[in-house]
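Asker: Below is the file coords.cif, which contains mmCIF, C-alpha atoms and all ligand atoms.
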data_model
loop_
_atom_site.label_atom_id
_atom_site.label_comp_id
_atom_site.auth_asym_id
_atom_site.auth_seq_id
_atom_site.Cartn_x
_atom_site.Cartn_y
_atom_site.Cartn_z
CA MET A 440 27.90 -30.43 -18.34
CA GLU A 441 31.27 -31.46 -16.90
CA LYS A 442 34.32 -29.25 -17.41
CA ILE A 443 37.26 -30.97 -19.06
CA ALA A 444 40.97 -30.08 -18.99
CA PHE A 445 42.93 -31.57 -21.90
CA ILE A 446 46.74 -31.63 -21.70
CA GLY A 447 48.80 -32.54 -24.78
CA LEU A 448 47.33 -31.32 -28.07
CA GLY A 449 49.56 -33.03 -30.62
CA ASN A 450 48.61 -35.18 -33.61
CA MET A 451 46.26 -37.24 -31.44
CA GLY A 452 45.28 -34.93 -28.57
CA GLY A 453 44.34 -32.00 -30.84
CA PRO A 454 41.56 -33.81 -32.72
CA MET A 455 40.45 -35.68 -29.57
CA ALA A 456 39.93 -32.37 -27.76
CA ALA A 457 38.08 -31.02 -30.81
CA ASN A 458 35.67 -33.98 -30.68
CA LEU A 459 34.92 -33.28 -27.01
CA VAL A 460 34.08 -29.69 -27.94
CA ALA A 461 31.87 -30.96 -30.78
CA ALA A 462 30.05 -33.15 -28.23
CA GLY A 463 29.23 -30.00 -26.23
CA TYR A 464 31.83 -30.09 -23.44
CA ARG A 465 33.73 -27.02 -22.25
CA VAL A 466 37.36 -27.99 -22.82
CA THR A 467 40.26 -26.01 -21.39
CA ALA A 468 43.29 -27.09 -23.37
CA PHE A 469 47.00 -26.78 -22.65
CA ASP A 470 50.18 -27.72 -24.51
CA LEU A 471 53.78 -26.53 -24.33
CA SER A 472 53.58 -25.72 -28.06
CA GLU A 473 52.06 -22.38 -29.09
CA ALA A 474 51.09 -23.79 -32.51
CA ALA A 475 49.17 -26.65 -30.86
CA LEU A 476 47.41 -24.19 -28.54
CA GLN A 477 46.34 -22.00 -31.45
CA GLN A 478 45.02 -25.02 -33.34
CA ALA A 479 43.03 -26.09 -30.26
CA GLU A 480 41.56 -22.59 -29.89
CA SER A 481 40.46 -22.66 -33.51
CA SER A 482 38.59 -25.91 -32.84
CA GLY A 483 36.67 -24.30 -29.96
CA CYS A 484 38.80 -25.14 -26.91
CA VAL A 485 39.49 -22.51 -24.25
CA ARG A 486 43.20 -21.72 -24.06
CA GLY A 487 44.71 -22.78 -20.74
CA GLU A 488 47.38 -20.46 -19.35
CA SER A 489 49.25 -23.37 -17.78
CA ALA A 490 48.62 -27.02 -17.00
CA HIS A 491 47.95 -26.09 -13.35
CA GLN A 492 45.47 -23.35 -14.21
CA SER A 493 43.70 -25.65 -16.70
CA VAL A 494 42.97 -28.43 -14.19
CA GLN A 495 42.00 -26.28 -11.20
CA ASP A 496 38.22 -26.36 -11.69
CA ALA A 497 38.10 -29.39 -13.99
CA ASP A 498 35.80 -32.36 -13.37
CA VAL A 499 37.81 -34.48 -15.80
CA VAL A 500 41.49 -34.25 -16.74
CA ILE A 501 42.57 -35.99 -19.95
CA SER A 502 46.22 -36.27 -20.98
CA MET A 503 47.76 -37.33 -24.30
CA LEU A 504 51.53 -37.01 -23.97
CA PRO A 505 54.59 -38.47 -25.68
CA SER A 506 56.13 -40.49 -22.83
CA GLY A 507 55.89 -41.85 -19.30
CA GLU A 508 58.44 -39.25 -18.18
CA ALA A 509 56.17 -36.48 -19.47
CA VAL A 510 53.14 -38.00 -17.71
CA LYS A 511 54.92 -38.50 -14.38
CA GLY A 512 56.58 -35.08 -14.59
CA LEU A 513 53.18 -33.48 -15.10
CA PHE A 514 51.07 -35.27 -12.49
CA LEU A 515 53.39 -36.48 -9.73
CA GLY A 516 55.54 -34.86 -7.06
CA ALA A 517 55.07 -31.83 -4.83
CA ARG A 518 54.39 -29.59 -7.85
CA GLY A 519 52.38 -32.15 -9.81
CA LEU A 520 48.82 -31.64 -11.06
CA LEU A 521 47.41 -34.14 -8.55
CA GLN A 522 48.22 -31.59 -5.84
CA VAL A 523 45.95 -28.91 -7.30
CA MET A 524 43.11 -31.04 -8.69
CA ASP A 525 39.71 -31.37 -7.05
CA ALA A 526 39.45 -34.65 -5.10
CA ASN A 527 36.24 -35.47 -7.04
CA ALA A 528 37.98 -35.16 -10.40
CA LEU A 529 38.62 -38.05 -12.76
CA VAL A 530 41.93 -38.54 -14.61
CA ILE A 531 41.82 -40.28 -18.01
CA GLU A 532 45.43 -40.88 -19.06
CA CYS A 533 45.46 -41.77 -22.77
CA SER A 534 49.19 -41.71 -23.65
CA THR A 535 51.03 -44.93 -24.50
CA ILE A 536 53.38 -45.43 -21.53
CA ALA A 537 54.79 -48.27 -19.43
CA ALA A 538 52.13 -50.14 -17.44
CA GLY A 539 54.26 -49.52 -14.32
CA ASP A 540 54.14 -45.76 -14.89
CA ALA A 541 50.35 -45.92 -15.32
CA ARG A 542 50.01 -47.90 -12.08
CA GLN A 543 52.20 -45.36 -10.26
CA LEU A 544 50.00 -42.49 -11.46
CA ILE A 545 46.76 -44.28 -10.57
CA ALA A 546 48.06 -45.20 -7.09
CA ALA A 547 49.24 -41.62 -6.44
CA ALA A 548 45.85 -40.30 -7.57
CA GLY A 549 44.14 -42.81 -5.26
CA ASP A 550 46.21 -41.53 -2.32
CA ARG A 551 44.48 -38.16 -2.81
CA GLY A 552 41.05 -39.75 -3.35
CA ILE A 553 41.18 -38.94 -7.08
CA ARG A 554 39.88 -41.58 -9.52
CA ALA A 555 42.20 -42.35 -12.44
CA ILE A 556 42.40 -44.84 -15.31
CA ASP A 557 44.86 -45.65 -18.07
CA ALA A 558 43.12 -45.48 -21.45
CA PRO A 559 45.63 -45.76 -24.31
CA VAL A 560 44.20 -45.73 -27.81
CA SER A 561 44.40 -47.56 -31.08
CA GLY A 562 43.38 -46.19 -34.46
CA GLY A 563 45.90 -43.46 -35.21
CA THR A 564 45.38 -39.89 -36.32
CA ALA A 565 42.56 -40.64 -38.80
CA ALA A 566 40.48 -42.33 -36.07
CA ALA A 567 41.33 -39.50 -33.65
CA ALA A 568 39.90 -37.01 -36.15
CA ALA A 569 36.87 -39.16 -36.98
CA GLY A 570 36.11 -39.88 -33.31
CA THR A 571 36.39 -43.63 -33.90
CA LEU A 572 39.33 -44.53 -31.64
CA SER A 573 39.47 -47.75 -29.64
CA PHE A 574 40.20 -47.18 -25.94
CA MET A 575 41.81 -49.94 -23.85
CA CYS A 576 41.12 -49.10 -20.24
CA GLY A 577 42.77 -50.19 -17.04
CA GLY A 578 41.45 -49.39 -13.56
CA ASP A 579 38.43 -49.84 -11.30
CA ALA A 580 35.19 -50.63 -13.13
CA THR A 581 33.48 -47.64 -11.47
CA ALA A 582 36.18 -45.25 -12.73
CA VAL A 583 36.05 -46.78 -16.23
CA ASP A 584 32.25 -46.40 -16.24
CA ALA A 585 32.59 -42.77 -15.13
CA ALA A 586 34.97 -42.19 -18.07
CA ARG A 587 32.71 -43.80 -20.68
CA PRO A 588 30.68 -40.72 -21.74
CA PHE A 589 33.90 -38.79 -22.46
CA LEU A 590 35.55 -41.72 -24.24
CA GLN A 591 32.40 -42.19 -26.34
CA ALA A 592 32.77 -38.62 -27.61
CA MET A 593 36.22 -39.55 -28.96
CA GLY A 594 35.93 -43.21 -29.85
CA ALA A 595 33.89 -46.09 -31.19
CA ASN A 596 35.14 -48.95 -29.01
CA ILE A 597 35.75 -48.91 -25.27
CA PHE A 598 37.30 -52.00 -23.69
CA HIS A 599 37.90 -52.60 -20.00
CA ALA A 600 41.09 -54.69 -20.10
CA GLY A 601 41.46 -55.17 -16.32
CA PRO A 602 42.96 -53.38 -13.31
CA ALA A 603 45.31 -50.36 -13.35
CA GLY A 604 47.91 -50.68 -16.13
CA ALA A 605 45.97 -53.39 -18.02
CA GLY A 606 45.06 -50.96 -20.79
CA GLN A 607 48.75 -50.33 -21.41
CA VAL A 608 49.54 -54.05 -21.48
CA ALA A 609 46.75 -54.61 -24.04
CA LYS A 610 48.03 -51.71 -26.12
CA ILE A 611 51.63 -52.96 -26.37
CA CYS A 612 50.50 -56.54 -27.09
CA ASN A 613 48.46 -55.16 -29.97
CA ASN A 614 51.26 -52.95 -31.30
CA MET A 615 53.87 -55.70 -31.04
CA LEU A 616 51.60 -57.90 -33.19
CA LEU A 617 51.01 -54.97 -35.56
CA ALA A 618 54.77 -54.52 -36.08
CA ILE A 619 55.20 -58.24 -36.70
CA HIS A 620 52.45 -58.53 -39.32
CA MET A 621 53.48 -55.28 -41.00
CA ILE A 622 57.03 -56.58 -41.42
CA GLY A 623 55.78 -59.98 -42.60
CA THR A 624 53.48 -58.32 -45.10
CA ALA A 625 56.26 -56.09 -46.48
CA GLU A 626 58.61 -59.08 -46.76
CA ALA A 627 56.04 -61.23 -48.60
CA LEU A 628 55.08 -58.44 -51.01
CA GLN A 629 58.72 -57.83 -51.87
CA LEU A 630 59.34 -61.53 -52.47
CA GLY A 631 56.47 -61.52 -54.95
CA VAL A 632 57.60 -58.34 -56.70
CA ASP A 633 61.19 -59.63 -56.96
CA ASN A 634 59.76 -62.63 -58.74
CA GLY A 635 57.75 -60.65 -61.26
CA LEU A 636 54.37 -60.30 -59.52
CA ASP A 637 52.29 -57.13 -59.52
CA PRO A 638 51.97 -56.09 -55.82
CA LYS A 639 48.29 -55.23 -56.40
CA VAL A 640 47.52 -58.68 -57.76
CA LEU A 641 49.54 -60.39 -55.04
CA SER A 642 47.78 -58.31 -52.36
CA GLU A 643 44.40 -59.32 -53.75
CA ILE A 644 45.40 -63.00 -53.73
CA MET A 645 46.76 -62.93 -50.18
CA ARG A 646 43.77 -60.94 -48.88
CA ALA A 647 41.47 -63.73 -50.02
CA SER A 648 43.87 -66.42 -48.79
CA SER A 649 45.33 -67.48 -45.47
CA GLY A 650 47.92 -64.66 -45.49
CA GLY A 651 45.19 -62.03 -45.05
CA ASN A 652 45.83 -59.55 -42.21
CA TRP A 653 45.16 -55.93 -41.20
CA SER A 654 48.44 -54.53 -42.61
CA LEU A 655 47.72 -56.10 -45.99
CA GLU A 656 44.02 -55.26 -46.10
CA LYS A 657 43.77 -51.83 -44.46
CA TYR A 658 47.26 -50.32 -44.50
CA ASN A 659 49.08 -51.84 -47.46
CA PRO A 660 52.79 -50.90 -47.22
CA TYR A 661 53.58 -51.24 -50.93
CA PRO A 662 53.31 -47.90 -52.82
CA GLY A 663 50.56 -47.75 -55.43
CA VAL A 664 48.50 -50.67 -54.12
CA MET A 665 46.00 -48.76 -51.98
CA ASP A 666 44.75 -45.16 -51.97
CA GLY A 667 44.63 -43.04 -48.82
CA VAL A 668 47.32 -44.90 -46.86
CA PRO A 669 50.81 -43.53 -45.99
CA ALA A 670 52.44 -45.76 -48.67
CA SER A 671 50.52 -43.77 -51.29
CA ARG A 672 51.97 -40.46 -50.05
CA GLU A 673 55.63 -41.40 -49.60
CA TYR A 674 54.93 -42.65 -46.08
CA SER A 675 54.06 -39.20 -44.70
CA GLY A 676 51.55 -38.83 -41.82
CA GLY A 677 50.29 -41.85 -39.93
CA PHE A 678 52.14 -43.59 -37.09
CA SER A 679 55.85 -42.81 -37.06
CA VAL A 680 58.75 -45.27 -36.89
CA THR A 681 59.82 -43.40 -33.73
CA LEU A 682 56.49 -44.14 -32.00
CA MET A 683 56.55 -47.78 -33.14
CA LEU A 684 60.06 -48.11 -31.71
CA LYS A 685 58.81 -46.64 -28.43
CA ASP A 686 55.97 -49.19 -28.28
CA LEU A 687 58.27 -52.11 -29.16
CA GLY A 688 60.65 -50.94 -26.40
CA LEU A 689 57.72 -50.96 -23.95
CA ALA A 690 56.72 -54.43 -25.17
CA MET A 691 60.26 -55.78 -24.65
CA ASP A 692 60.47 -54.21 -21.16
CA THR A 693 57.13 -55.78 -20.27
CA ALA A 694 58.27 -59.16 -21.62
CA ALA A 695 61.46 -58.95 -19.55
CA GLY A 696 59.38 -58.12 -16.45
CA SER A 697 57.20 -61.21 -16.88
CA ALA A 698 59.98 -63.46 -18.29
CA SER A 699 57.83 -63.95 -21.42
CA SER A 700 59.34 -65.28 -24.62
CA THR A 701 58.83 -62.75 -27.43
CA PRO A 702 61.37 -63.65 -30.14
CA LEU A 703 59.34 -62.18 -33.00
CA GLY A 704 58.75 -58.98 -31.04
CA ALA A 705 62.49 -58.73 -30.43
CA LEU A 706 63.24 -59.28 -34.11
CA ALA A 707 60.61 -56.70 -35.09
CA LYS A 708 62.27 -54.19 -32.75
CA ASN A 709 65.68 -54.95 -34.28
CA LEU A 710 64.35 -54.47 -37.82
CA TYR A 711 62.67 -51.18 -36.90
CA GLN A 712 65.90 -50.06 -35.21
CA LEU A 713 67.82 -50.90 -38.39
CA HIS A 714 65.27 -48.98 -40.48
CA GLY A 715 65.18 -46.05 -38.04
CA GLY A 716 68.99 -45.90 -37.96
CA ASP A 717 68.61 -43.35 -40.73
CA PRO A 718 66.99 -40.30 -39.07
CA VAL A 719 65.09 -39.60 -42.31
CA ASN A 720 63.15 -42.84 -41.80
CA ARG A 721 62.27 -42.16 -38.16
CA VAL A 722 59.65 -39.56 -39.02
CA LEU A 723 58.07 -41.70 -41.74
CA ASP A 724 55.04 -43.88 -41.15
CA PHE A 725 55.90 -47.34 -39.81
CA SER A 726 54.73 -49.01 -43.05
CA SER A 727 57.90 -47.52 -44.63
CA ILE A 728 59.59 -50.69 -43.31
CA GLN A 729 58.79 -51.80 -46.88
CA ASN A 730 61.88 -49.81 -47.95
CA LEU A 731 64.10 -52.12 -45.90
CA PHE A 732 63.20 -54.90 -48.35
CA ARG A 733 63.00 -52.93 -51.62
CA ARG A 734 66.02 -52.99 -53.87
CA PRO A 735 67.44 -49.70 -55.11
CA ALA A 736 66.32 -48.94 -58.70
CA GLY A 737 68.52 -50.63 -61.29
CA ASP A 738 69.75 -53.29 -58.87
P1 LIG B 801 52.69 -35.56 -30.50
O1 LIG B 801 54.15 -35.48 -30.29
O2 LIG B 801 52.10 -35.12 -31.79
O3 LIG B 801 51.94 -34.74 -29.34
C1 LIG B 801 52.35 -34.70 -28.01
C2 LIG B 801 52.04 -33.29 -27.50
O4 LIG B 801 52.30 -33.25 -26.10
C3 LIG B 801 52.91 -32.22 -28.16
O5 LIG B 801 52.09 -31.23 -28.73
C4 LIG B 801 53.76 -31.67 -26.99
O6 LIG B 801 54.04 -30.29 -27.11
C5 LIG B 801 52.85 -31.95 -25.82
N1 LIG B 801 53.53 -32.02 -24.53
C6 LIG B 801 54.63 -32.73 -24.19
N2 LIG B 801 54.90 -32.56 -22.88
C7 LIG B 801 53.95 -31.72 -22.39
C8 LIG B 801 53.70 -31.16 -21.10
N3 LIG B 801 54.48 -31.44 -20.05
N4 LIG B 801 52.65 -30.35 -20.95
C9 LIG B 801 51.84 -30.06 -22.00
N5 LIG B 801 52.03 -30.56 -23.25
C10 LIG B 801 53.07 -31.37 -23.43
O7 LIG B 801 52.29 -37.09 -30.19
P2 LIG B 801 50.96 -37.85 -30.63
O8 LIG B 801 51.16 -38.49 -31.95
O9 LIG B 801 49.79 -36.97 -30.40
O10 LIG B 801 50.97 -39.04 -29.55
C11 LIG B 801 50.58 -38.82 -28.20
C12 LIG B 801 50.49 -40.18 -27.52
O11 LIG B 801 49.57 -41.01 -28.21
C13 LIG B 801 51.83 -40.94 -27.47
O12 LIG B 801 51.95 -41.55 -26.22
C14 LIG B 801 51.67 -41.97 -28.61
O13 LIG B 801 52.46 -43.13 -28.39
C15 LIG B 801 50.19 -42.25 -28.54
N6 LIG B 801 49.59 -42.74 -29.82
C16 LIG B 801 49.87 -42.10 -31.00
C17 LIG B 801 49.28 -42.57 -32.19
C18 LIG B 801 49.57 -41.89 -33.51
O14 LIG B 801 49.16 -42.45 -34.55
N7 LIG B 801 50.20 -40.72 -33.54
C19 LIG B 801 48.42 -43.66 -32.15
C20 LIG B 801 48.14 -44.27 -30.93
C21 LIG B 801 48.73 -43.79 -29.76
#
In structure tokens, write the structure found in this file.
Ligand code: NAD
Answerer:
Amino acid sequence: MEKIAFIGLGNMGGPMAANLVAAGYRVTAFDLSEAALQQAESSGCVRGESAHQSVQDADVVISMLPSGEAVKGLFLGARGLLQVMDANALVIECSTIAAGDARQLIAAAGDRGIRAIDAPVSGGTAAAAAGTLSFMCGGDATAVDAARPFLQAMGANIFHAGPAGAGQVAKICNNMLLAIHMIGTAEALQLGVDNGLDPKVLSEIMRASSGGNWSLEKYNPYPGVMDGVPASREYSGGFSVTLMLKDLGLAMDTAAGSASSTPLGALAKNLYQLHGGDPVNRVLDFSSIQNLFRRPAGD
């Protein structure tokens, strides 16, 4: 059985590493946070002493980090992980980062003969825990195929989007659309409520009509309409406004790079920036954009 090093054990990486352990792999895990390391140990991972020590005898290195800076800082340069990894190892980089950063990593790995792919995920923390993530992969088909058994232990859907960086492009297209239909859903629900409709009844009508969409059906942003979603627990847990803003920033950078017209993406970013202007909102789930449209009580 292959030995895996897993770097970045946060809300997503922690449960992903646990699912690899559950599938029978030996996982050496490392994070800068002591609490994350302890959690990983309790799920059966071996505690890595450092990132460098963790990858030294690894067949597969998986990373799940907050930003492109973190990924490049970890892997690249004279002191980067690529310098100490086995040339037969495979890198599966799962963070959401700029496609250009992913391409830089994959090219640098290739210079050392190391196979690498970008494999950002969709599905959030619940899917990470359930092992039902969707992976959007970019890179050579042979490297993506080599990654499949490990991805299957953490996910339900594995897509090969195209060459290096294509997974990241697919991911930010998806999340830009997600932001747009979440905002549209919140706006429509509020219009109905302001005009005397019950948000549950309105949701049911729109679900069965042409306004139906994922935000309405699976992740309803209006409190009290749906159980088990962040709106039913004061928008705690889930996918934060901060992370959505990061993804919308990546989408706008990508659009600028290809001179693509993305007016709704730009507006969605502006609305999330307005909402996240209050630091209290930044840590809430992104469906809390509903509060931007709700009137204060008594208004
Ligand atoms: P998180 O902040 O919970 O976890 C990131 C972890 O990385 C932290 O534990 C941090 O200590 C660790 N870390 C940072 N730099 C490190 C380094 N140099 N070495 C070792 N550990 C380091 O974030 P998350 O929610 O797990 O998200 C991780 C990635 O997944 C992000 O790129 C995010 O955009 C993406 N993502 C998140 C979700 C979600 O719902 N949370 C969904 C899809 C994709």
Asker: At a cut-off of 12 Å, using only C-alpha atoms, what residues contact Leu655 in chain A? Leave out same-chain residues fewer than 6 positions from it and give the result as JSON, numbers by chain.
Answerer: {"A": [617, 620, 621, 622, 623, 624, 625, 626, 627, 628, 638, 639, 641, 642, 643, 644, 645, 646, 647, 648, 649, 661, 664, 665, 668, 670, 726, 729]}
Asker: As a PyMOL selection string, please: the residues near Asn720 in chain A (cut-off 10 Å, only C-alpha atoms, same-chain neighbours under 4 positions excluded).
Answerer: chain A and resi 674+679-681+711+713-716+724-725+727-728+730
Asker: Pick out the residues sitting within 7 Å of Ala444 in chain A, and hand them over as a ChimeraX atom specification; count all atoms listed in the file, and ignore anything fewer than 3 positions along from it in its own chain.
Answerer: /A:466-468,493-494,497,499-501
Asker: For the selection you just gave me, I'd like the residues written to a file as an mmCIF file, in the coordinates of the input, keeping C-alpha atoms.
Answerer:
data_model
loop_
_atom_site.group_PDB
_atom_site.id
_atom_site.type_symbol
_atom_site.label_atom_id
_atom_site.label_comp_id
_atom_site.auth_asym_id
_atom_site.auth_seq_id
_atom_site.Cartn_x
_atom_site.Cartn_y
_atom_site.Cartn_z
ATOM 1 C CA VAL A 466 37.360 -27.990 -22.820
ATOM 2 C CA THR A 467 40.260 -26.010 -21.390
ATOM 3 C CA ALA A 468 43.290 -27.090 -23.370
ATOM 4 C CA SER A 493 43.700 -25.650 -16.700
ATOM 5 C CA VAL A 494 42.970 -28.430 -14.190
ATOM 6 C CA ALA A 497 38.100 -29.390 -13.990
ATOM 7 C CA VAL A 499 37.810 -34.480 -15.800
ATOM 8 C CA VAL A 500 41.490 -34.250 -16.740
ATOM 9 C CA ILE A 501 42.570 -35.990 -19.950
#
Asker: Using only C-alpha atoms and all ligand atoms, find each residue with an atom at most 9 Å away from ligand LIG 801 (chain B) and format the answer as JSON, numbers by chain.
Answerer: {"A": [446, 447, 448, 449, 450, 451, 452, 453, 469, 470, 471, 472, 473, 474, 475, 476, 489, 490, 502, 503, 504, 505, 506, 507, 508, 509, 510, 512, 513, 533, 534, 535, 536, 559, 560, 561, 562, 563, 564, 565, 566, 567, 572, 610, 676, 677, 678, 679, 682, 683, 685, 686, 724]}
Asker: Quick one: distance from CA of Phe514 in chain A to CA of Ala595 in chain A in Å, one decimal?
Answerer: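 So the two atoms, CA of Phe514 in chain A and CA of Ala595 in chain A, lie 27.6 Å apart.
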Asker: Here is a test: counting all atoms listed in the file, which residue of A:Leu529, A:Ala461, A:Ala541, A:Val719 is nearest to Asp557 in chain A?
Answerer: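 Result for the nearest residue to Asp557 in chain A: A:Ala541.
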Asker: Using all atoms of range 554-564 of chain A that appear in the file, construct an axis-aligned enclosing box with 3 Å of padding on every side and provide its centre coordinates and edge lengths in Å, rounded to one decimal, as AutoDock Vina command-line options.
Answerer:
--center_x 42.9 --center_y -43.7 --center_z -22.9 --size_x 12.0 --size_y 13.7 --size_z 32.8
Asker: Any chance you could build range 483-491 of chain A out to all heavy atoms and write it as a PDB file, keeping the file's coordinate frame?
Answerer:
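Ended up saving to result_22.pdb:
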ATOM      1  N   GLY A 483      37.690 -24.617 -30.964  1.00  0.00           N
ATOM      2  CA  GLY A 483      36.670 -24.300 -29.960  1.00  0.00           C
ATOM      3  C   GLY A 483      37.075 -24.537 -28.519  1.00  0.00           C
ATOM      4  O   GLY A 483      36.270 -24.338 -27.610  1.00  0.00           O
ATOM      5  N   CYS A 484      38.335 -24.965 -28.290  1.00  0.00           N
ATOM      6  CA  CYS A 484      38.800 -25.140 -26.910  1.00  0.00           C
ATOM      7  C   CYS A 484      39.104 -23.769 -26.297  1.00  0.00           C
ATOM      8  O   CYS A 484      39.410 -22.815 -27.014  1.00  0.00           O
ATOM      9  CB  CYS A 484      40.087 -25.963 -26.869  1.00  0.00           C
ATOM     10  SG  CYS A 484      39.877 -27.664 -27.420  1.00  0.00           S
ATOM     11  N   VAL A 485      39.057 -23.713 -24.969  1.00  0.00           N
ATOM     12  CA  VAL A 485      39.490 -22.510 -24.250  1.00  0.00           C
ATOM     13  C   VAL A 485      40.984 -22.668 -23.995  1.00  0.00           C
ATOM     14  O   VAL A 485      41.433 -23.741 -23.559  1.00  0.00           O
ATOM     15  CB  VAL A 485      38.739 -22.388 -22.906  1.00  0.00           C
ATOM     16  CG1 VAL A 485      39.235 -21.185 -22.115  1.00  0.00           C
ATOM     17  CG2 VAL A 485      37.240 -22.327 -23.141  1.00  0.00           C
ATOM     18  N   ARG A 486      41.748 -21.635 -24.253  1.00  0.00           N
ATOM     19  CA  ARG A 486      43.200 -21.720 -24.060  1.00  0.00           C
ATOM     20  C   ARG A 486      43.550 -21.722 -22.568  1.00  0.00           C
ATOM     21  O   ARG A 486      43.184 -20.803 -21.833  1.00  0.00           O
ATOM     22  CB  ARG A 486      43.853 -20.506 -24.734  1.00  0.00           C
ATOM     23  CG  ARG A 486      45.334 -20.354 -24.434  1.00  0.00           C
ATOM     24  CD  ARG A 486      45.831 -19.009 -24.911  1.00  0.00           C
ATOM     25  NE  ARG A 486      46.058 -19.026 -26.335  1.00  0.00           N
ATOM     26  CZ  ARG A 486      47.274 -19.078 -26.903  1.00  0.00           C
ATOM     27  NH1 ARG A 486      48.356 -19.108 -26.152  1.00  0.00           N
ATOM     28  NH2 ARG A 486      47.404 -19.086 -28.191  1.00  0.00           N
ATOM     29  N   GLY A 487      44.248 -22.758 -22.127  1.00  0.00           N
ATOM     30  CA  GLY A 487      44.710 -22.780 -20.740  1.00  0.00           C
ATOM     31  C   GLY A 487      45.996 -21.981 -20.626  1.00  0.00           C
ATOM     32  O   GLY A 487      46.820 -22.003 -21.535  1.00  0.00           O
ATOM     33  N   GLU A 488      46.165 -21.276 -19.513  1.00  0.00           N
ATOM     34  CA  GLU A 488      47.380 -20.460 -19.350  1.00  0.00           C
ATOM     35  C   GLU A 488      48.563 -21.329 -18.916  1.00  0.00           C
ATOM     36  O   GLU A 488      49.710 -21.024 -19.192  1.00  0.00           O
ATOM     37  CB  GLU A 488      47.147 -19.344 -18.328  1.00  0.00           C
ATOM     38  CG  GLU A 488      46.116 -18.311 -18.779  1.00  0.00           C
ATOM     39  CD  GLU A 488      46.390 -17.766 -20.176  1.00  0.00           C
ATOM     40  OE1 GLU A 488      47.578 -17.546 -20.519  1.00  0.00           O
ATOM     41  OE2 GLU A 488      45.423 -17.595 -20.943  1.00  0.00           O
ATOM     42  N   SER A 489      48.239 -22.402 -18.211  1.00  0.00           N
ATOM     43  CA  SER A 489      49.250 -23.370 -17.780  1.00  0.00           C
ATOM     44  C   SER A 489      48.516 -24.671 -17.508  1.00  0.00           C
ATOM     45  O   SER A 489      47.273 -24.688 -17.439  1.00  0.00           O
ATOM     46  CB  SER A 489      49.931 -22.895 -16.488  1.00  0.00           C
ATOM     47  OG  SER A 489      48.968 -22.916 -15.436  1.00  0.00           O
ATOM     48  N   ALA A 490      49.279 -25.752 -17.320  1.00  0.00           N
ATOM     49  CA  ALA A 490      48.620 -27.020 -17.000  1.00  0.00           C
ATOM     50  C   ALA A 490      47.891 -26.887 -15.662  1.00  0.00           C
ATOM     51  O   ALA A 490      46.749 -27.335 -15.508  1.00  0.00           O
ATOM     52  CB  ALA A 490      49.650 -28.139 -16.941  1.00  0.00           C
ATOM     53  N   HIS A 491      48.552 -26.231 -14.684  1.00  0.00           N
ATOM     54  CA  HIS A 491      47.950 -26.090 -13.350  1.00  0.00           C
ATOM     55  C   HIS A 491      46.664 -25.290 -13.393  1.00  0.00           C
ATOM     56  O   HIS A 491      45.667 -25.664 -12.785  1.00  0.00           O
ATOM     57  CB  HIS A 491      48.963 -25.454 -12.392  1.00  0.00           C
ATOM     58  CG  HIS A 491      50.030 -26.416 -11.977  1.00  0.00           C
ATOM     59  ND1 HIS A 491      51.034 -26.815 -12.822  1.00  0.00           N
ATOM     60  CD2 HIS A 491      50.220 -27.092 -10.822  1.00  0.00           C
ATOM     61  CE1 HIS A 491      51.811 -27.689 -12.196  1.00  0.00           C
ATOM     62  NE2 HIS A 491      51.339 -27.873 -10.978  1.00  0.00           N
TER      63      HIS A 491
END
